[in-house]
>>> print(open('entry_29.tsv').read())   # TSV, C-alpha atoms
chain	number	residue	atom	x	y	z
A	29	MET	CA	33.81	134.52	139.99
A	30	ASN	CA	36.93	132.74	138.83
A	31	ALA	CA	39.45	134.75	136.78
A	32	PHE	CA	40.76	131.57	135.22
A	33	SER	CA	38.82	129.84	132.48
A	34	ASP	CA	39.51	127.11	130.00
A	35	HIS	CA	37.41	129.06	127.51
A	36	ARG	CA	36.99	132.78	128.23
A	37	PRO	CA	38.56	134.80	131.08
A	38	ALA	CA	36.27	136.37	133.61
A	39	VAL	CA	37.26	139.63	135.28
A	40	THR	CA	37.01	139.28	139.03
A	41	ARG	CA	36.27	141.99	141.55
A	42	ARG	CA	39.75	141.37	142.95
A	43	ALA	CA	41.32	142.05	139.54
A	44	LEU	CA	39.64	145.45	139.52
A	45	LEU	CA	41.28	146.37	142.83
A	46	ALA	CA	44.62	147.13	141.24
A	47	SER	CA	45.40	149.79	143.81
A	48	VAL	CA	45.98	147.24	146.58
A	49	PRO	CA	49.68	147.77	147.44
A	50	ALA	CA	50.73	144.10	147.49
A	51	ALA	CA	48.50	142.91	144.70
A	52	ALA	CA	50.75	142.27	141.73
A	53	LEU	CA	54.06	142.40	139.92
A	54	SER	CA	55.60	144.61	137.24
A	55	THR	CA	54.86	144.09	133.55
A	56	GLY	CA	56.52	144.70	130.23
A	57	CYS	CA	53.50	146.05	128.34
A	58	ARG	CA	53.74	149.47	126.80
A	59	PRO	CA	50.99	152.08	127.09
A	60	ASP	CA	51.72	154.04	123.92
A	61	ALA	CA	50.40	151.59	121.34
A	62	GLY	CA	49.95	153.48	118.08
A	63	SER	CA	51.43	150.62	116.08
A	64	ALA	CA	52.36	147.01	116.61
A	65	VAL	CA	56.04	147.77	116.06
A	66	ARG	CA	58.55	149.66	118.18
A	67	GLY	CA	61.01	151.90	116.42
A	68	ARG	CA	59.41	155.29	115.85
A	69	PRO	CA	61.56	158.24	117.01
A	70	GLY	CA	60.59	159.08	120.59
A	71	ASP	CA	58.55	155.89	120.98
A	72	GLY	CA	60.90	154.09	123.34
A	73	ALA	CA	63.66	154.71	125.82
A	74	HIS	CA	66.38	152.77	124.07
A	75	GLY	CA	67.56	154.82	121.14
A	76	PRO	CA	66.61	155.84	117.59
A	77	ALA	CA	64.20	154.18	115.21
A	78	ALA	CA	64.87	150.57	114.37
A	79	THR	CA	64.76	149.32	110.82
A	80	ALA	CA	61.55	147.67	109.63
A	81	GLU	CA	63.35	144.33	109.55
A	82	ALA	CA	64.29	144.62	113.24
A	83	ALA	CA	61.16	146.25	114.67
A	84	HIS	CA	59.64	144.68	117.78
A	85	GLN	CA	56.10	144.09	118.86
A	86	GLU	CA	54.65	146.24	121.60
A	87	GLY	CA	54.01	144.71	125.01
A	88	ILE	CA	57.57	143.51	125.63
A	89	ASP	CA	59.99	146.33	126.43
A	90	ARG	CA	59.55	148.18	129.70
A	91	PRO	CA	57.49	151.40	129.55
A	92	GLU	CA	57.75	154.23	132.04
A	93	GLN	CA	54.24	153.45	133.29
A	94	PRO	CA	53.23	149.79	132.80
A	95	GLN	CA	49.56	149.03	132.24
A	96	THR	CA	47.74	147.64	135.24
A	97	HIS	CA	45.91	144.70	133.63
A	98	VAL	CA	46.70	141.77	131.37
A	99	VAL	CA	44.89	138.80	129.86
A	100	VAL	CA	47.06	135.97	128.56
A	101	SER	CA	45.34	133.43	126.29
A	102	VAL	CA	46.85	130.31	124.74
A	103	TYR	CA	45.30	128.56	121.72
A	104	ASP	CA	45.61	125.49	119.55
A	105	LEU	CA	45.45	126.14	115.81
A	106	ALA	CA	43.13	123.89	113.81
A	107	ALA	CA	45.14	123.66	110.59
A	108	ARG	CA	48.89	124.16	110.31
A	109	ALA	CA	48.48	124.87	106.59
A	110	GLY	CA	46.50	128.02	107.39
A	111	VAL	CA	48.72	129.48	110.12
A	112	GLY	CA	50.03	132.28	107.91
A	113	ARG	CA	46.54	133.41	106.92
A	114	THR	CA	45.37	133.24	110.54
A	115	LEU	CA	48.29	135.42	111.68
A	116	LYS	CA	47.65	137.94	108.90
A	117	THR	CA	43.97	138.25	109.88
A	118	LEU	CA	44.84	138.47	113.58
A	119	GLY	CA	47.43	141.16	112.89
A	120	GLU	CA	44.93	143.26	110.95
A	121	ALA	CA	42.52	143.06	113.90
A	122	VAL	CA	45.31	144.04	116.32
A	123	LEU	CA	46.27	147.07	114.23
A	124	LYS	CA	42.65	148.15	114.09
A	125	ALA	CA	42.18	147.75	117.84
A	126	THR	CA	45.40	149.52	118.84
A	127	GLY	CA	45.46	152.19	116.15
A	128	ALA	CA	42.11	153.93	116.59
A	129	GLY	CA	41.56	156.88	118.92
A	130	SER	CA	43.82	158.49	121.48
A	131	ALA	CA	45.92	156.58	124.01
A	132	GLU	CA	43.35	157.46	126.66
A	133	GLU	CA	40.49	156.17	124.52
A	134	ARG	CA	42.40	152.95	123.91
A	135	ALA	CA	43.18	152.64	127.65
A	136	GLY	CA	46.82	151.95	126.76
A	137	LEU	CA	45.87	148.81	124.85
A	138	THR	CA	48.67	146.64	123.45
A	139	VAL	CA	48.59	143.12	121.98
A	140	THR	CA	51.60	140.79	121.69
A	141	VAL	CA	51.47	137.58	119.63
A	142	GLY	CA	53.69	134.51	119.81
A	143	LEU	CA	53.80	131.21	117.91
A	144	GLY	CA	54.23	127.88	119.71
A	145	PRO	CA	56.86	125.18	119.14
A	146	GLY	CA	54.57	122.99	116.97
A	147	PRO	CA	54.00	125.44	114.11
A	148	VAL	CA	57.51	126.91	114.46
A	149	ALA	CA	59.18	123.48	114.21
A	150	ALA	CA	56.96	122.64	111.23
A	151	LEU	CA	58.59	125.58	109.43
A	152	ASP	CA	62.17	124.97	110.54
A	153	ARG	CA	63.39	123.13	113.65
A	154	ARG	CA	66.40	125.45	113.76
A	155	LEU	CA	64.25	128.51	114.43
A	156	PRO	CA	64.15	130.03	117.93
A	157	GLY	CA	61.05	128.85	119.75
A	158	ALA	CA	60.97	125.46	118.03
A	159	LEU	CA	61.74	123.54	121.23
A	160	GLU	CA	59.13	122.48	123.77
A	161	LEU	CA	59.70	123.35	127.40
A	162	PRO	CA	61.07	120.39	129.37
A	163	ALA	CA	59.46	119.16	132.57
A	164	PHE	CA	60.45	120.82	135.83
A	165	ALA	CA	59.82	120.18	139.51
A	166	ARG	CA	56.62	121.23	141.28
A	167	GLU	CA	54.35	121.19	138.23
A	168	GLU	CA	50.70	120.18	138.04
A	169	ARG	CA	50.53	119.25	134.37
A	170	THR	CA	47.32	118.86	132.41
A	171	ALA	CA	46.92	118.44	128.67
A	172	ARG	CA	44.94	121.67	128.48
A	173	THR	CA	47.29	123.95	130.40
A	174	TRP	CA	50.65	122.78	128.99
A	175	GLY	CA	52.00	123.94	125.64
A	176	GLY	CA	50.00	125.53	122.85
A	177	ASP	CA	50.26	126.89	119.31
A	178	LEU	CA	49.47	130.58	119.78
A	179	LEU	CA	49.97	133.18	122.51
A	180	VAL	CA	47.90	136.36	122.67
A	181	GLN	CA	48.91	138.78	125.43
A	182	VAL	CA	46.59	141.77	125.89
A	183	CYS	CA	47.57	144.64	128.21
A	184	ALA	CA	45.53	147.72	129.12
A	185	ASN	CA	45.01	150.27	131.86
A	186	GLY	CA	41.65	148.81	132.80
A	187	ALA	CA	40.36	145.30	133.44
A	188	ALA	CA	37.35	145.79	131.15
A	189	ALA	CA	39.50	147.07	128.27
A	190	ALA	CA	41.89	144.11	128.50
A	191	ALA	CA	39.10	141.54	128.82
A	192	GLY	CA	37.06	143.12	126.02
A	193	ALA	CA	39.94	143.15	123.55
A	194	ASP	CA	40.84	139.57	124.48
A	195	ALA	CA	37.23	138.46	123.92
A	196	ASP	CA	37.09	140.19	120.52
A	197	LEU	CA	40.31	138.52	119.37
A	198	ALA	CA	39.14	135.16	120.76
A	199	GLY	CA	35.95	135.44	118.74
A	200	LEU	CA	37.98	136.11	115.61
A	201	LEU	CA	40.38	133.23	116.22
A	202	GLU	CA	37.73	130.73	117.25
A	203	GLY	CA	35.47	131.76	114.38
A	204	ALA	CA	37.24	132.40	111.10
A	205	GLY	CA	40.54	131.01	112.38
A	206	GLY	CA	39.16	127.77	113.80
A	207	ALA	CA	41.39	128.07	116.86
A	208	VAL	CA	40.59	126.44	120.20
A	209	ARG	CA	41.45	128.24	123.42
A	210	ARG	CA	43.42	126.07	125.85
A	211	TRP	CA	43.53	128.39	128.85
A	212	SER	CA	43.35	132.05	129.75
A	213	GLN	CA	44.35	134.05	132.81
A	214	ALA	CA	43.66	137.64	133.86
A	215	GLY	CA	46.32	139.42	135.92
A	216	PHE	CA	46.71	142.78	137.61
A	217	ARG	CA	49.25	145.07	139.27
A	218	PRO	CA	49.09	148.40	141.10
A	219	PRO	CA	49.84	151.53	139.07
A	220	GLY	CA	53.36	152.92	139.13
A	221	ALA	CA	56.66	152.73	137.29
A	222	GLY	CA	59.57	150.49	138.22
A	223	PRO	CA	59.51	147.59	140.70
A	224	VAL	CA	56.28	147.17	142.65
A	225	ARG	CA	55.41	144.94	145.56
A	226	ASN	CA	54.17	141.45	144.80
A	227	LEU	CA	51.57	139.57	146.78
A	228	LEU	CA	54.27	138.42	149.22
A	229	GLY	CA	55.04	142.05	150.01
A	230	PHE	CA	58.49	142.15	148.33
A	231	GLN	CA	59.54	144.42	145.48
A	232	ASP	CA	59.93	142.61	142.18
A	233	GLY	CA	61.43	143.28	138.76
A	234	ILE	CA	64.86	144.46	139.93
A	235	GLU	CA	67.40	142.27	138.12
A	236	ILE	CA	66.37	142.67	134.46
A	237	PRO	CA	68.03	143.86	131.23
A	238	ARG	CA	68.19	147.66	131.14
A	239	GLY	CA	69.11	149.91	128.25
A	240	ARG	CA	69.33	149.23	124.56
A	241	ALA	CA	72.64	147.34	124.68
A	242	GLU	CA	71.40	144.78	127.23
A	243	LEU	CA	68.10	144.33	125.39
A	244	GLU	CA	69.93	143.68	122.12
A	245	ARG	CA	72.25	141.22	123.85
A	246	ASP	CA	69.74	139.30	125.98
A	247	VAL	CA	66.23	139.79	124.55
A	248	TRP	CA	65.90	140.62	120.85
A	249	LEU	CA	66.65	137.97	118.23
A	250	PRO	CA	69.36	139.16	115.85
A	251	GLY	CA	69.18	139.35	112.07
A	252	PRO	CA	69.28	138.49	109.34
A	253	GLY	CA	66.53	135.90	109.33
A	254	PRO	CA	62.76	135.56	109.57
A	255	ALA	CA	62.70	135.86	113.38
A	256	ALA	CA	64.87	139.00	113.60
A	257	GLY	CA	63.38	141.52	116.00
A	258	GLY	CA	61.34	138.88	117.80
A	259	THR	CA	62.12	137.16	121.08
A	260	VAL	CA	61.44	133.91	122.95
A	261	ALA	CA	58.68	134.06	125.57
A	262	VAL	CA	57.94	131.72	128.45
A	263	VAL	CA	54.55	132.04	130.14
A	264	ARG	CA	53.81	130.25	133.42
A	265	ARG	CA	51.02	130.49	135.95
A	266	LEU	CA	52.55	129.94	139.39
A	267	ARG	CA	50.29	129.22	142.33
A	268	ILE	CA	51.89	130.43	145.56
A	269	ASP	CA	51.05	129.28	149.08
A	270	VAL	CA	50.88	132.83	150.37
A	271	PRO	CA	49.64	132.02	153.92
A	272	ALA	CA	52.45	129.52	154.49
A	273	PHE	CA	55.12	131.93	153.25
A	274	LEU	CA	53.80	134.82	155.34
A	275	ALA	CA	53.59	132.57	158.41
A	276	GLN	CA	57.40	132.76	158.59
A	277	SER	CA	59.08	135.55	160.50
A	278	VAL	CA	60.04	138.60	158.43
A	279	ALA	CA	63.67	137.55	158.81
A	280	GLY	CA	62.83	134.10	157.44
A	281	GLN	CA	60.96	135.64	154.51
A	282	GLU	CA	63.94	137.89	153.75
A	283	GLU	CA	66.34	134.94	153.84
A	284	ALA	CA	64.13	133.06	151.36
A	285	ILE	CA	64.07	136.05	148.99
A	286	GLY	CA	67.55	137.50	149.55
A	287	ARG	CA	66.40	141.11	149.98
A	288	ARG	CA	64.98	143.30	152.71
A	289	LYS	CA	61.21	143.45	152.76
A	290	ALA	CA	61.07	147.11	153.74
A	291	ASP	CA	63.05	148.61	150.87
A	292	GLY	CA	64.33	145.83	148.58
A	293	ALA	CA	67.97	146.29	149.59
A	294	PRO	CA	70.18	143.19	149.19
A	295	LEU	CA	70.91	141.26	152.37
A	296	GLY	CA	74.57	141.57	151.46
A	297	GLY	CA	74.36	145.37	151.82
A	298	GLY	CA	73.86	148.22	149.42
A	299	GLN	CA	71.21	150.66	148.31
A	300	PRO	CA	67.49	149.84	148.05
A	301	LEU	CA	66.83	147.91	144.83
A	302	GLY	CA	70.59	147.66	144.28
A	303	ARG	CA	72.46	144.85	142.55
A	304	LEU	CA	73.37	141.81	144.62
A	305	ASP	CA	76.88	141.27	145.92
A	306	LEU	CA	76.96	137.47	145.76
A	307	SER	CA	80.42	137.33	147.32
A	308	ALA	CA	79.61	139.27	150.52
A	309	LYS	CA	80.19	137.19	153.65
A	310	THR	CA	80.06	137.52	157.41
A	311	PRO	CA	83.35	137.46	159.38
A	312	GLN	CA	82.58	133.78	160.01
A	313	GLY	CA	82.48	133.10	156.26
A	314	ARG	CA	78.70	132.73	155.82
A	315	TYR	CA	77.14	134.30	152.74
A	316	LEU	CA	75.06	137.36	153.61
A	317	VAL	CA	72.71	136.48	150.76
A	318	PRO	CA	71.89	132.89	151.79
A	319	ALA	CA	72.93	130.05	149.51
A	320	MET	CA	69.32	129.07	148.81
A	321	ALA	CA	67.85	132.59	148.59
A	322	HIS	CA	65.76	133.11	145.48
A	323	ALA	CA	67.63	136.27	144.46
A	324	ARG	CA	70.92	134.31	144.48
A	325	ARG	CA	69.64	131.14	142.83
A	326	ALA	CA	67.92	133.06	139.99
A	327	ASN	CA	70.76	135.52	139.44
A	328	PRO	CA	72.20	135.25	135.89
A	329	HIS	CA	75.75	135.32	137.25
A	330	ALA	CA	74.88	132.16	139.18
A	331	THR	CA	72.99	130.40	136.38
A	332	GLY	CA	75.57	131.13	133.67
A	333	SER	CA	72.84	132.31	131.30
A	334	GLY	CA	71.73	135.61	129.82
A	335	LYS	CA	69.41	138.02	131.55
A	336	MET	CA	65.67	137.46	131.38
A	337	LEU	CA	63.26	140.36	130.83
A	338	ARG	CA	60.94	139.10	133.55
A	339	ARG	CA	57.44	140.51	133.58
A	340	GLY	CA	54.70	139.39	135.89
A	341	TYR	CA	51.22	140.12	137.15
A	342	GLY	CA	49.51	138.92	140.27
A	343	TYR	CA	46.39	136.82	139.89
A	344	ASP	CA	43.69	135.78	142.32
A	345	ASN	CA	41.28	133.02	141.31
A	346	GLY	CA	39.82	132.66	144.78
A	347	PRO	CA	40.84	130.88	147.99
A	348	GLY	CA	43.76	128.54	147.48
A	349	ASP	CA	44.60	129.77	143.98
A	350	ARG	CA	46.57	132.98	144.12
A	351	GLY	CA	49.97	133.67	142.67
A	352	LEU	CA	52.04	135.01	139.81
A	353	LEU	CA	51.36	135.10	136.08
A	354	PHE	CA	54.99	134.96	134.97
A	355	ILE	CA	56.01	136.23	131.52
A	356	GLY	CA	59.70	136.12	130.62
A	357	PHE	CA	61.34	137.29	127.38
A	358	GLN	CA	64.83	136.16	126.32
A	359	ARG	CA	66.92	135.56	123.21
A	360	GLU	CA	67.46	131.89	124.02
A	361	LEU	CA	65.15	129.37	125.68
A	362	ARG	CA	68.20	128.22	127.63
A	363	THR	CA	68.09	131.46	129.63
A	364	PHE	CA	64.85	130.29	131.20
A	365	THR	CA	65.58	126.56	131.38
A	366	ALA	CA	69.01	127.03	133.00
A	367	THR	CA	67.46	129.35	135.58
A	368	GLN	CA	64.53	127.06	136.34
A	369	ARG	CA	66.75	123.99	136.67
A	370	ARG	CA	68.90	125.83	139.20
A	371	LEU	CA	65.77	126.75	141.14
A	372	ASP	CA	64.69	123.11	141.06
A	373	GLU	CA	68.04	122.07	142.54
A	374	GLY	CA	67.42	124.24	145.57
A	375	ASP	CA	65.57	127.49	146.27
A	376	ASP	CA	63.83	128.41	149.51
A	377	LEU	CA	61.03	130.33	147.74
A	378	MET	CA	60.18	127.51	145.33
A	379	ALA	CA	58.99	125.32	148.21
A	380	PHE	CA	55.87	127.54	148.23
A	381	VAL	CA	55.34	127.60	144.42
A	382	THR	CA	53.54	125.21	142.04
A	383	ALA	CA	53.28	125.73	138.27
A	384	THR	CA	49.75	125.10	136.98
A	385	ALA	CA	50.17	126.27	133.36
A	386	SER	CA	53.25	126.67	131.18
A	387	ALA	CA	54.27	127.24	127.56
A	388	GLY	CA	57.04	128.67	125.38
A	389	PHE	CA	56.62	130.77	122.22
A	390	LEU	CA	58.47	132.58	119.47
A	391	VAL	CA	57.22	136.16	119.72
A	392	LEU	CA	57.02	137.29	116.13
A	393	PRO	CA	58.80	140.36	114.75
A	394	GLY	CA	57.00	143.68	114.64
A	395	PHE	CA	54.36	144.21	111.97
A	396	ASP	CA	52.31	146.98	110.39
A	397	ALA	CA	49.97	147.61	107.46
A	398	ASP	CA	52.79	147.05	104.96
A	399	ARG	CA	54.27	143.99	106.62
A	400	PRO	CA	51.55	141.68	108.05
A	401	LEU	CA	51.98	139.74	111.26
A	402	GLY	CA	54.00	136.62	110.49
A	403	ALA	CA	54.96	137.77	107.00
A	404	THR	CA	58.66	137.00	107.52
A	405	LEU	CA	57.83	133.37	108.36
A	406	PHE	CA	54.83	132.95	106.03
A	407	PRO	CA	55.47	135.21	103.01
A	408	ALA	CA	52.91	133.37	100.87
A	409	ALA	CA	50.13	134.46	103.24
A	410	GLY	CA	50.58	138.15	102.56
A	411	GLY	CA	54.15	139.04	102.04
A	412	VAL	CA	55.49	142.55	102.36
A	413	ARG	CA	53.47	145.15	100.56
A	414	GLY	CA	55.14	148.44	99.75
A	415	SER	CA	58.18	149.78	101.54
A	416	GLY	CA	57.76	147.96	104.88
A	417	ARG	CA	58.05	151.23	106.85
A	418	SER	CA	56.41	151.52	110.23
A	419	SER	CA	52.85	152.75	110.09
A	420	GLY	CA	53.42	154.98	113.12
>>> encode(input="entry_29.tsv", output="structure tokens")
Amino acid sequence: MNAFSDHRPAVTRRALLASVPAAALSTGCRPDAGSAVRGRPGDGAHGPAATAEAAHQEGIDRPEQPQTHVVVSVYDLAARAGVGRTLKTLGEAVLKATGAGSAEERAGLTVTVGLGPGPVAALDRRLPGALELPAFAREERTARTWGGDLLVQVCANGAAAAAGADADLAGLLEGAGGAVRRWSQAGFRPPGAGPVRNLLGFQDGIEIPRGRAELERDVWLPGPGPAAGGTVAVVRRLRIDVPAFLAQSVAGQEEAIGRRKADGAPLGGGQPLGRLDLSAKTPQGRYLVPAMAHARRANPHATGSGKMLRRGYGYDNGPGDRGLLFIGFQRELRTFTATQRRLDEGDDLMAFVTATASAGFLVLPGFDADRPLGATLFPAAGGVRGSGRSSG
């Protein structure tokens, strides 16, 4: 069965095999979803409680133990005039789904919601997330798999839990909300904290923002303003020619990536999973991390942009359609576009990669029972009831 669907995602047998060592990539979903906002004391690893105005949705920041499954669904909204009401209803359903029972009973369920450039620009073209993604190299564009008005990212510690929650929310959106699903993709990763091996056998998720200061600088949108506490997301499904990449020698694979396959150490030297030394050279003056290595080309010091909180899952839709479900969070869309343009100019890994779905979104600020989802952008749809404190 195919894990990709233009209507509803199917859960494949492969997606259930999350224990396969080289199956997938690390994710940013959090397993402790008692509320749709981050900021309760002890809830995260980045400091004390945030204010209600700056709270963040779950499913973005890195947990100690990422969930093993995700379903990403992208929708068109039928009526722009009713976006606020649709978000409010969706948020109520999310709170109900993620707030009942213990963490084990919920299977670590989190839901993250983003709004596409169309509805964001209709509110204010100056808002983050109001710009469409430009075209890049190596893309197979279709009207159905490019762009979209609404992102719903569901993460859980089981394939059935993720798919079930996604189906429930799809029924709500397609019913009362009148939304139309463009595309949906299930993804998976092996259990474990920190970088894990992707389907090419390399460790992934090394160069990302770490700690509260870097997240505030590179990921969270600052206040004041209706988007404060949100972030800009880019979602892309990347088909990878795995057999062709693995047909290279291990040394050739390492030169394309820029790290050792065995332990993730930079080719320029250093500890496993260590930071790259982009200036390291051989006595003959050749860069130890090759000029077209992916780790060099995508490095923020090389792109001149901020850091991207990159989160990804492997996917397997059957022979000839395997790859990466890429999810990146950043304060500015330019962080992604500057990086991707540099990859387009030259990157040895990108020769094996084709984008088959792509969209950008404004991930809305955190919400709870007192402050509905989207209330800061659509106050007429529900506004802020009561004090606006976190419900956690």
>>> atom_distance(input="entry_29.tsv", atom1="atom CA of A:Ala125", atom2="atom CA of A:Leu137")
8.0 Å
>>> closest_atom_pairs(input="entry_29.tsv", of="stretch 295-408 of chain A", to="stretch 97-100 of chain A", cutoff="12 Å", atoms="all atoms listed in the file", output="tab-separated table")
residue	atom	partner	partner_atom	distance
A:Arg339	CA	A:Val98	CA	11.0
A:Gly340	CA	A:Val98	CA	9.5
A:Tyr341	CA	A:Val98	CA	7.5
A:Gly342	CA	A:His97	CA	9.5
A:Tyr343	CA	A:Val98	CA	9.9
A:Leu353	CA	A:Val100	CA	8.7
A:Phe354	CA	A:Val100	CA	10.2
A:Ile355	CA	A:Val100	CA	9.4
A:Ala385	CA	A:Val100	CA	11.3
A:Ser386	CA	A:Val100	CA	11.5
A:Ala387	CA	A:Val100	CA	11.4
>>> write_last_selection(input="entry_29.tsv", atoms="C-alpha atoms", output="PDB file, keeping the file's coordinate frame")
ATOM      1  CA  ARG A 339      57.440 140.510 133.580  1.00  0.00           C
ATOM      2  CA  GLY A 340      54.700 139.390 135.890  1.00  0.00           C
ATOM      3  CA  TYR A 341      51.220 140.120 137.150  1.00  0.00           C
ATOM      4  CA  GLY A 342      49.510 138.920 140.270  1.00  0.00           C
ATOM      5  CA  TYR A 343      46.390 136.820 139.890  1.00  0.00           C
ATOM      6  CA  LEU A 353      51.360 135.100 136.080  1.00  0.00           C
ATOM      7  CA  PHE A 354      54.990 134.960 134.970  1.00  0.00           C
ATOM      8  CA  ILE A 355      56.010 136.230 131.520  1.00  0.00           C
ATOM      9  CA  ALA A 385      50.170 126.270 133.360  1.00  0.00           C
ATOM     10  CA  SER A 386      53.250 126.670 131.180  1.00  0.00           C
ATOM     11  CA  ALA A 387      54.270 127.240 127.560  1.00  0.00           C
TER      12      ALA A 387
END
>>> residues_around(input="entry_29.tsv", residues="stretch 106-114 of chain A", least_positions_apart="6", cutoff="6 Å", atoms="only C-alpha atoms", output="PyMOL selection string")
chain A and resi 205-207+406+409
>>> write_last_selection(input="entry_29.tsv", atoms="C-alpha atoms", output="mmCIF file, in the frame of the given file")
data_model
loop_
_atom_site.group_PDB
_atom_site.id
_atom_site.type_symbol
_atom_site.label_atom_id
_atom_site.label_comp_id
_atom_site.auth_asym_id
_atom_site.auth_seq_id
_atom_site.Cartn_x
_atom_site.Cartn_y
_atom_site.Cartn_z
ATOM 1 C CA GLY A 205 40.540 131.010 112.380
ATOM 2 C CA GLY A 206 39.160 127.770 113.800
ATOM 3 C CA ALA A 207 41.390 128.070 116.860
ATOM 4 C CA PHE A 406 54.830 132.950 106.030
ATOM 5 C CA ALA A 409 50.130 134.460 103.240
#
>>> closest_residue(input="entry_29.tsv", among="A:Gly186, A:Gly251, A:Gly203, A:Gly136", to="A:Pro218", atoms="only C-alpha atoms")
A:Gly186
>>> residues_around(input="entry_29.tsv", residues="A:Met378", least_positions_apart="2", cutoff="12 Å", atoms="only C-alpha atoms", output="ChimeraX atom specification")
/A:164-167,266-270,273,284-285,320-323,325-326,368-376,380-383
>>> write_last_selection(input="entry_29.tsv", atoms="C-alpha atoms", output="short mmCIF file (atom, residue, chain, number, x, y, z; two decimals), in the frame of the given file")
data_model
loop_
_atom_site.label_atom_id
_atom_site.label_comp_id
_atom_site.auth_asym_id
_atom_site.auth_seq_id
_atom_site.Cartn_x
_atom_site.Cartn_y
_atom_site.Cartn_z
CA PHE A 164 60.45 120.82 135.83
CA ALA A 165 59.82 120.18 139.51
CA ARG A 166 56.62 121.23 141.28
CA GLU A 167 54.35 121.19 138.23
CA LEU A 266 52.55 129.94 139.39
CA ARG A 267 50.29 129.22 142.33
CA ILE A 268 51.89 130.43 145.56
CA ASP A 269 51.05 129.28 149.08
CA VAL A 270 50.88 132.83 150.37
CA PHE A 273 55.12 131.93 153.25
CA ALA A 284 64.13 133.06 151.36
CA ILE A 285 64.07 136.05 148.99
CA MET A 320 69.32 129.07 148.81
CA ALA A 321 67.85 132.59 148.59
CA HIS A 322 65.76 133.11 145.48
CA ALA A 323 67.63 136.27 144.46
CA ARG A 325 69.64 131.14 142.83
CA ALA A 326 67.92 133.06 139.99
CA GLN A 368 64.53 127.06 136.34
CA ARG A 369 66.75 123.99 136.67
CA ARG A 370 68.90 125.83 139.20
CA LEU A 371 65.77 126.75 141.14
CA ASP A 372 64.69 123.11 141.06
CA GLU A 373 68.04 122.07 142.54
CA GLY A 374 67.42 124.24 145.57
CA ASP A 375 65.57 127.49 146.27
CA ASP A 376 63.83 128.41 149.51
CA PHE A 380 55.87 127.54 148.23
CA VAL A 381 55.34 127.60 144.42
CA THR A 382 53.54 125.21 142.04
CA ALA A 383 53.28 125.73 138.27
#
>>> closest_residue(input="entry_29.tsv", among="A:Val102, A:Ala408, A:Leu377, A:Ala256", to="A:Leu197", atoms="all atoms listed in the file")
A:Val102
>>> closest_residue(input="entry_29.tsv", among="A:Thr138, A:Asn327, A:Gln213, A:Thr365", to="A:Leu352", atoms="all atoms listed in the file")
A:Gln213
>>> residues_around(input="entry_29.tsv", residues="A:Gly157", least_positions_apart="4", cutoff="9 Å", atoms="all atoms listed in the file", output="compact mmCIF listing (two decimals) with C-alpha atoms, in the coordinates of the input")
# COMPACT_ATOMS: atom_id res chain seq x y z
CA LEU A 143 53.80 131.21 117.91
CA GLY A 144 54.23 127.88 119.71
CA PRO A 145 56.86 125.18 119.14
CA VAL A 148 57.51 126.91 114.46
CA ALA A 149 59.18 123.48 114.21
CA ARG A 153 63.39 123.13 113.65
CA THR A 259 62.12 137.16 121.08
CA VAL A 260 61.44 133.91 122.95
CA ALA A 261 58.68 134.06 125.57
CA GLU A 360 67.46 131.89 124.02
CA LEU A 361 65.15 129.37 125.68
CA GLY A 388 57.04 128.67 125.38
CA PHE A 389 56.62 130.77 122.22
CA LEU A 390 58.47 132.58 119.47
CA VAL A 391 57.22 136.16 119.72
